[in-house]
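Reading through the structure tokens given below for one structure.
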Protein chains: 2
Amino acid sequence: MWQLAQHSAGICVRFVTSAKAISARWRLWNQNLAMVHMPATGVSGLDLYIKDPLRPKNKQYHWIGLGQPEKSPENEAELVGGLDGQPHEFILYLPLYNGVEKVEIGVNAEAEIEKAPARTTKPIVMYGTSILHGGCASRSGMSYPAIIGRWVDQPIINLGFSGNGQAEPEMAELLAELDPAVYLLDYCPNVNANGIRKRTEPFVQILRNAHPDTPIVLVENITYPKHLFVQSARDNTNEKNMELHSAYNRLRQAGVKHLLYIPGERLLGDDGEGTVDGIHPTDVGFMRMAQTIGPIVEALL
Amino acid sequence: MWQLAQHSAGICVRFVTSAKAISARWRLWNQNLAMVHMPATGVSGLDLYIKDPLRPKNKQYHWIGLGQPEKSPENEAELVGGLDGQPHEFILYLPLYNGVEKVEIGVNAEAEIEKAPARTTKPIVMYGTSILHGGCASRSGMSYPAIIGRWVDQPIINLGFSGNGQAEPEMAELLAELDPAVYLLDYCPNVNANGIRKRTEPFVQILRNAHPDTPIVLVENITYPKHLFVQSARDNTNEKNMELHSAYNRLRQAGVKHLLYIPGERLLGDDGEGTVDGIHPTDVGFMRMAQTIGPIVEALL
């Protein structure tokens with residue numbers, strides 16, 4: 001858990017520069033650059049977006065450059081060249097399944113670079129599993145929390161812990177210390193049905209007691225592609241989701257307000273193509289999850 | 001080129017079995033299991049789909065299992081378990097950027113396994129670059145030729161050669177020896193504007209002389225995500241596409257029939273999210289390319 005918390009998933013750096021070319025040098029913590037089902041670019045790479053306020057609201061951040069990790073610990077790469085030399089705002093995502101000791105951003109000598117204007121909105125706190133953590137996005141900007149963060153243009157705190165986001169009350173206490181605009185809880189894949197039954201109400205109540213009016217979103221276990229043909233997998237997920245829904249109903253009956261519920265059935269689409277391994281979304285799966293979850297989060301802001 | 005031709009991209013194996021569990025053992029040719037921007041699962045893995053004739057036509061093949069490569073040369077993995085034991089047809093895709101010496105499919109002892117019914121339709125021949133080759137799909141079934149092949153349920157011959165699909169007349173002669181339902185030519189990213197001007201008409205004419213009525217589809221260079229902000233990249237692609245379009249017009253004026261033209265501008269969508277590195281599609285990009293190119297190919301069958 002401590003090691004997973006060192007991963008820079010969800011951390012991004014915002015800056016303004018009139019550079020025509022932007023480079024980066026970054027020092028990784030872990031030797032493993034990639035996973036079998038996730039490329040090094042997503043695990044250990046940098047991912048750069050440019051902001052264009054003239055584009056439609058959910059397309060203002062446009063992908064512009066990648067820092068490909070070739071070795072560990074230190075890498076250097078030009079992220080983009082050939083820009084117009086006018087000031088633009090950028091957002092740089094740090095690696096999803098690695099950590100960084102430091103990141104240096106380089107611009108051509110004539111160019112200025114400064115911090116982007118500080119955000120005044122509260123963050124959206126997302127808590128969950130490897131899926132929320134960002135496995136298996138091709139780039140660090142393609143986890144679903146990162147996509148939603150660009151669409152709503154607000155800070156996201158990504159607290160996805162692969163295999164270890166298990167809805168412990170201690171974690172709820174820590175989350176309650178934050179003061180977010182929305183809590184999004186997507187832990188079901190890491191918890192069995194019994195755990196979901198036991199832990200959901202205390203988890204939500206700890207957050208609710210600390211923040212009487214902050215919306216809390218419960219996300220069902222996604223329907224995995226195999227469910228259509230593998231009954232044991234289908235039954236397992238259905239059992240979990242029935243427990244989550246029962247807990248949701250009990251919470252509502254207990255008077256908990258501002259509680260949202262997102263069914264898992266359509267999150268990855270219905271063609272089986274949303275994951276790499278049956279569990280972890282590819283960019284296709286993350287884009288589809290963002291398309292369902294994003295508008296709900298946006299409506300709560 | 002010879003080495004690239006050893007890659008098993010586009011090759012798939014079709015079989016029928018009533019197995020409850022399906023495993024595979026496969027022997028790879030190359031040591032490199034992955035690329036920096038493409039996971040080992042796509043480069044060197046196996047990808048299994050199950051056919052369900054009761055589903056909508058373009059969703060009859062549903063993803064069901066992955067063979068994750070852990071080492072080279074030999075791997076073994078259970079692709080799927082927990083099936084219902086009824087006979088189903090399957091399609092197994094071989095690695096995209098590796099080759100296989102052999103693939104063995106294992107089923108539980110009681111189960112039968114046999115070849116799937118032979119296809120009677122002509123193949124669709126696709127010729128092009130690393131993009132067509134399948135870089136950078138997360139699984140070998142997610143290249144755009146593979147996706148389209150499932151949607152139309154016809155054999156695809158994938159002749160994508162990374163960096164080396166350059167529209168040489170010798171290649172046209174070889175393609176002309178085949179007798180496909182459709183030729184799809186997607187070579188622009190590998191050829192400069194001058195080459196496109198010089199080679200497009202001879203290439204098409206060689207195919208047309210051998211096959212007077214076979215539809216030939218010309219695909220423009222895709223619009224890369226950086227084009228919105230990097231003028232040199234935009235100009236380069238525009239120049240190529242203008243040459244392709246001029247060649248297309250000259251061919252039409254010369255009386256060449258059954259010639260189709262697909263603009264590159266919308267192939268990856270307009271949000272910049274379709275590639276991993278600015279050039280090679282992720283699953284998102286491939287899905288979007290298939291959504292545009294697939295219906296056009298289908299209309300020609």
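Identifiers in the structure tokens: chain A, B, ... in order shown; residue index from 1 per chain; ligand index from 1 in order shown.
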
Using only C-alpha atoms and a distance of at most 8 Å, pull out the residues of chain A that contact chain B, as a PDB file with C-alpha atoms, in the first residue's frame.
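File out-v1.pdb, as written:
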```pdb
ATOM      1  CA  ALA A  34       6.257  -1.523 -18.063  1.00  0.00           C
ATOM      2  CA  MET A  35       3.822  -4.311 -17.273  1.00  0.00           C
ATOM      3  CA  VAL A  36       2.968  -7.215 -19.551  1.00  0.00           C
ATOM      4  CA  HIS A  37      -0.435  -5.731 -20.325  1.00  0.00           C
ATOM      5  CA  MET A  38       0.461  -2.030 -20.025  1.00  0.00           C
ATOM      6  CA  PRO A  39       3.121  -0.215 -22.040  1.00  0.00           C
ATOM      7  CA  ALA A  40       6.042   1.692 -20.544  1.00  0.00           C
ATOM      8  CA  THR A  41       4.510   4.918 -21.842  1.00  0.00           C
ATOM      9  CA  LYS A  59     -12.124  19.361 -25.507  1.00  0.00           C
ATOM     10  CA  HIS A  62      -5.776  18.554 -26.416  1.00  0.00           C
ATOM     11  CA  TRP A  63      -3.057  15.916 -26.346  1.00  0.00           C
ATOM     12  CA  ILE A  64       0.240  17.300 -27.644  1.00  0.00           C
ATOM     13  CA  GLY A  65       3.245  15.222 -26.557  1.00  0.00           C
ATOM     14  CA  LEU A  66       4.653  12.129 -24.916  1.00  0.00           C
ATOM     15  CA  GLN A  68       8.716   7.863 -23.682  1.00  0.00           C
ATOM     16  CA  PRO A  69      10.696   6.131 -20.945  1.00  0.00           C
ATOM     17  CA  GLU A  70      13.618   4.226 -22.387  1.00  0.00           C
ATOM     18  CA  GLY A  81       8.376  20.927 -31.006  1.00  0.00           C
ATOM     19  CA  GLY A  82       7.134  23.250 -33.719  1.00  0.00           C
ATOM     20  CA  LEU A  83       4.678  25.252 -31.598  1.00  0.00           C
ATOM     21  CA  ASP A  84       3.738  28.823 -32.527  1.00  0.00           C
ATOM     22  CA  SER A 138      -1.435   3.688 -22.823  1.00  0.00           C
ATOM     23  CA  ARG A 139      -0.519   7.135 -21.522  1.00  0.00           C
ATOM     24  CA  PRO A 225     -16.360  -8.795 -20.921  1.00  0.00           C
ATOM     25  CA  LYS A 226     -16.435 -12.465 -19.899  1.00  0.00           C
ATOM     26  CA  PHE A 229     -20.194 -16.345 -21.454  1.00  0.00           C
ATOM     27  CA  VAL A 230     -18.686 -17.225 -18.052  1.00  0.00           C
ATOM     28  CA  GLN A 231     -21.423 -17.638 -15.483  1.00  0.00           C
ATOM     29  CA  SER A 232     -19.171 -17.834 -12.420  1.00  0.00           C
ATOM     30  CA  ASP A 271     -18.907  -5.344 -27.300  1.00  0.00           C
ATOM     31  CA  GLY A 272     -16.313  -6.838 -24.961  1.00  0.00           C
ATOM     32  CA  GLU A 273     -13.585  -4.553 -26.319  1.00  0.00           C
ATOM     33  CA  VAL A 276      -6.891  -5.752 -22.239  1.00  0.00           C
ATOM     34  CA  ASP A 277      -7.193  -8.775 -19.931  1.00  0.00           C
ATOM     35  CA  GLY A 278     -10.866  -8.995 -19.030  1.00  0.00           C
ATOM     36  CA  THR A 282      -7.584  -0.069 -22.243  1.00  0.00           C
ATOM     37  CA  ASP A 283      -7.917   3.482 -23.510  1.00  0.00           C
ATOM     38  CA  VAL A 284     -11.184   2.314 -25.106  1.00  0.00           C
ATOM     39  CA  MET A 287     -12.866   6.565 -22.570  1.00  0.00           C
TER      40      MET A 287
END
```

Determine, for each residue of region 2-82 of chain B having at least one atom at most 8 Å from an atom of region 109-113 of chain B, the closest pair of atoms and their separation in Å to one decimal, counting only C-alpha atoms; order by chain and ascending number, as CSV.
```
residue,atom,partner,partner_atom,distance
B:Phe15,CA,B:Ile113,CA,7.0
B:Val16,CA,B:Ile113,CA,5.7
B:Thr17,CA,B:Ile113,CA,4.4
B:Ser18,CA,B:Ala111,CA,5.6
B:Ala19,CA,B:Ala111,CA,4.8
B:Lys20,CA,B:Ala111,CA,7.7
```

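Comparing A:Ala247, A:Leu96, A:Ile11, A:Leu178 by their smallest distance to Ile131 (chain A), the closest is A:Leu96 (using only C-alpha atoms).
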
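The two atoms in question, CA of Glu168 (chain B) and CA of Phe203 (chain B), are spaced 7.3 Å apart.
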
Which of region 89-263 of chain A DSSP labels strand (DSSP E), written as a ChimeraX atom specification = /A:89-93,100-107,113-115,124-128,156-160,182-186,216-219,259-262

Atoms kept (N, CA, C and O atoms) for selection, written as a compact mmCIF listing (two decimals), in the first residue's frame:
```txt
# COMPACT_ATOMS: atom_id res chain seq x y z
N GLU A 89 -1.25 27.37 -22.08
CA GLU A 89 -1.23 26.63 -20.81
C GLU A 89 -1.10 25.14 -21.11
O GLU A 89 -1.72 24.64 -22.05
N PHE A 90 -0.31 24.46 -20.30
CA PHE A 90 -0.08 23.02 -20.49
C PHE A 90 -0.37 22.27 -19.20
O PHE A 90 -0.31 22.84 -18.10
N ILE A 91 -0.65 20.98 -19.35
CA ILE A 91 -0.80 20.11 -18.20
C ILE A 91 0.02 18.86 -18.48
O ILE A 91 -0.09 18.25 -19.55
N LEU A 92 0.91 18.53 -17.55
CA LEU A 92 1.82 17.39 -17.73
C LEU A 92 1.49 16.32 -16.68
O LEU A 92 1.60 16.58 -15.48
N TYR A 93 1.10 15.14 -17.15
CA TYR A 93 0.78 14.04 -16.24
C TYR A 93 2.02 13.21 -15.95
O TYR A 93 2.79 12.89 -16.86
N VAL A 100 8.18 9.36 -9.41
CA VAL A 100 9.27 10.20 -9.89
C VAL A 100 9.95 10.89 -8.72
O VAL A 100 9.30 11.34 -7.79
N GLU A 101 11.27 10.92 -8.80
CA GLU A 101 12.04 11.64 -7.78
C GLU A 101 12.03 13.13 -8.13
O GLU A 101 11.90 13.98 -7.26
N LYS A 102 12.19 13.41 -9.43
CA LYS A 102 12.04 14.79 -9.86
C LYS A 102 11.71 14.83 -11.35
O LYS A 102 11.99 13.88 -12.09
N VAL A 103 11.11 15.93 -11.74
CA VAL A 103 10.80 16.18 -13.16
C VAL A 103 11.28 17.58 -13.48
O VAL A 103 10.95 18.53 -12.76
N GLU A 104 12.07 17.71 -14.52
CA GLU A 104 12.51 19.04 -14.97
C GLU A 104 11.92 19.30 -16.35
O GLU A 104 11.92 18.41 -17.21
N ILE A 105 11.42 20.50 -16.53
CA ILE A 105 10.84 20.87 -17.82
C ILE A 105 11.77 21.87 -18.49
O ILE A 105 12.19 22.85 -17.86
N GLY A 106 12.12 21.61 -19.74
CA GLY A 106 13.02 22.48 -20.47
C GLY A 106 12.32 23.15 -21.64
O GLY A 106 11.51 22.52 -22.32
N VAL A 107 12.63 24.43 -21.84
CA VAL A 107 12.06 25.15 -22.99
C VAL A 107 13.21 25.82 -23.75
O VAL A 107 14.31 25.98 -23.21
N ILE A 113 8.67 30.59 -18.96
CA ILE A 113 7.81 29.54 -18.43
C ILE A 113 7.43 29.90 -17.00
O ILE A 113 8.27 30.43 -16.25
N GLU A 114 6.17 29.74 -16.66
CA GLU A 114 5.73 30.05 -15.29
C GLU A 114 4.59 29.12 -14.91
O GLU A 114 4.03 28.42 -15.76
N LYS A 115 4.27 29.14 -13.62
CA LYS A 115 3.14 28.35 -13.12
C LYS A 115 1.85 28.77 -13.81
O LYS A 115 1.64 29.96 -14.09
N ILE A 124 -11.79 16.94 -6.85
CA ILE A 124 -12.68 15.77 -6.84
C ILE A 124 -11.82 14.61 -6.34
O ILE A 124 -10.77 14.34 -6.91
N VAL A 125 -12.27 13.97 -5.27
CA VAL A 125 -11.49 12.86 -4.72
C VAL A 125 -12.06 11.55 -5.22
O VAL A 125 -13.26 11.28 -5.05
N MET A 126 -11.22 10.75 -5.86
CA MET A 126 -11.64 9.45 -6.35
C MET A 126 -10.84 8.38 -5.62
O MET A 126 -9.61 8.49 -5.53
N TYR A 127 -11.54 7.37 -5.14
CA TYR A 127 -10.88 6.32 -4.37
C TYR A 127 -11.24 4.96 -4.95
O TYR A 127 -12.41 4.70 -5.25
N GLY A 128 -10.25 4.08 -5.12
CA GLY A 128 -10.59 2.78 -5.67
C GLY A 128 -9.40 1.88 -5.94
O GLY A 128 -8.43 1.85 -5.16
N ILE A 156 -8.18 16.65 -9.79
CA ILE A 156 -8.61 15.32 -9.35
C ILE A 156 -7.55 14.78 -8.41
O ILE A 156 -6.35 14.87 -8.70
N ILE A 157 -7.97 14.24 -7.29
CA ILE A 157 -7.04 13.49 -6.44
C ILE A 157 -7.31 12.02 -6.68
O ILE A 157 -8.37 11.50 -6.33
N ASN A 158 -6.35 11.34 -7.33
CA ASN A 158 -6.52 9.93 -7.69
C ASN A 158 -5.98 9.06 -6.57
O ASN A 158 -4.76 8.97 -6.37
N LEU A 159 -6.88 8.43 -5.82
CA LEU A 159 -6.47 7.51 -4.75
C LEU A 159 -6.83 6.07 -5.13
O LEU A 159 -7.50 5.35 -4.39
N GLY A 160 -6.41 5.69 -6.32
CA GLY A 160 -6.56 4.30 -6.74
C GLY A 160 -5.35 3.50 -6.28
O GLY A 160 -4.21 3.93 -6.50
N VAL A 182 -16.51 16.53 -4.63
CA VAL A 182 -17.22 15.26 -4.79
C VAL A 182 -16.30 14.14 -4.30
O VAL A 182 -15.09 14.20 -4.52
N TYR A 183 -16.89 13.15 -3.64
CA TYR A 183 -16.20 11.87 -3.40
C TYR A 183 -16.72 10.84 -4.39
O TYR A 183 -17.94 10.64 -4.48
N LEU A 184 -15.83 10.16 -5.08
CA LEU A 184 -16.24 9.07 -5.95
C LEU A 184 -15.57 7.78 -5.44
O LEU A 184 -14.35 7.73 -5.33
N LEU A 185 -16.38 6.78 -5.13
CA LEU A 185 -15.88 5.54 -4.53
C LEU A 185 -16.07 4.38 -5.50
O LEU A 185 -17.19 4.01 -5.84
N ASP A 186 -14.95 3.83 -5.95
CA ASP A 186 -14.99 2.78 -6.99
C ASP A 186 -14.08 1.63 -6.54
O ASP A 186 -13.09 1.32 -7.17
N ILE A 216 -21.51 12.11 -2.64
CA ILE A 216 -20.73 10.86 -2.61
C ILE A 216 -21.28 9.95 -3.69
O ILE A 216 -22.49 9.69 -3.73
N VAL A 217 -20.42 9.50 -4.56
CA VAL A 217 -20.84 8.65 -5.69
C VAL A 217 -20.33 7.24 -5.46
O VAL A 217 -19.12 7.03 -5.28
N LEU A 218 -21.24 6.27 -5.48
CA LEU A 218 -20.86 4.86 -5.39
C LEU A 218 -20.87 4.27 -6.79
O LEU A 218 -21.87 4.39 -7.51
N VAL A 219 -19.78 3.61 -7.17
CA VAL A 219 -19.69 3.00 -8.49
C VAL A 219 -19.73 1.48 -8.35
O VAL A 219 -18.92 0.91 -7.59
N LEU A 259 -26.29 11.21 -2.22
CA LEU A 259 -25.63 9.94 -2.48
C LEU A 259 -26.05 9.47 -3.87
O LEU A 259 -27.24 9.34 -4.16
N LEU A 260 -25.08 9.28 -4.74
CA LEU A 260 -25.35 8.86 -6.13
C LEU A 260 -24.90 7.42 -6.33
O LEU A 260 -23.99 6.97 -5.65
N TYR A 261 -25.48 6.79 -7.33
CA TYR A 261 -25.18 5.37 -7.57
C TYR A 261 -25.02 5.16 -9.08
O TYR A 261 -25.91 5.50 -9.86
N ILE A 262 -23.89 4.60 -9.49
CA ILE A 262 -23.65 4.37 -10.92
C ILE A 262 -23.58 2.87 -11.19
O ILE A 262 -22.67 2.19 -10.71
```

Pick out each residue of region 43-285 of chain B that DSSP on the backbone tags as helix (DSSP H, G or I); I need them as number ranges by chain.
-> B: 43-44, 57-59, 130-133, 140-142, 144-152, 169-176, 188-190, 193-210, 225-228, 231-253, 283-285

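Minimum atom-to-atom distance to Trp29 (chain A), evaluated using only C-alpha atoms, belongs to A:Gly99 out of A:Pro155, A:Gly165, A:Pro189, A:Gly99.
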
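CA of Gln205 (chain A) lies 16.5 Å from CA of Glu243 (chain A).
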
Can you pull out every residue within 7 Å of Gly135 (chain A), counting only C-alpha atoms, but drop anything in the same chain fewer than 5 positions away, and send it as a count of residues only?
-> 3

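Distances from B:Glu201, B:Asn238, B:Thr223, B:Ile293 to Ala254 (chain B) were compared using only C-alpha atoms, and the smallest one belongs to B:Glu201.
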
A straight line from CA of His133 (chain B) to CA of His7 (chain B) spans 9.1 Å

Return the single residue from A:Asn30, A:Glu177, A:Trp151, A:Gly10 that is closest to Lys51 (chain A), with distances computed using only C-alpha atoms.
-> A:Trp151

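Of the residues listed (A:Ala172, A:Ala290, A:Leu301, A:Ala9), A:Ala172 shows the shortest atom-to-atom separation from Arg208 (chain A); distances use only C-alpha atoms.
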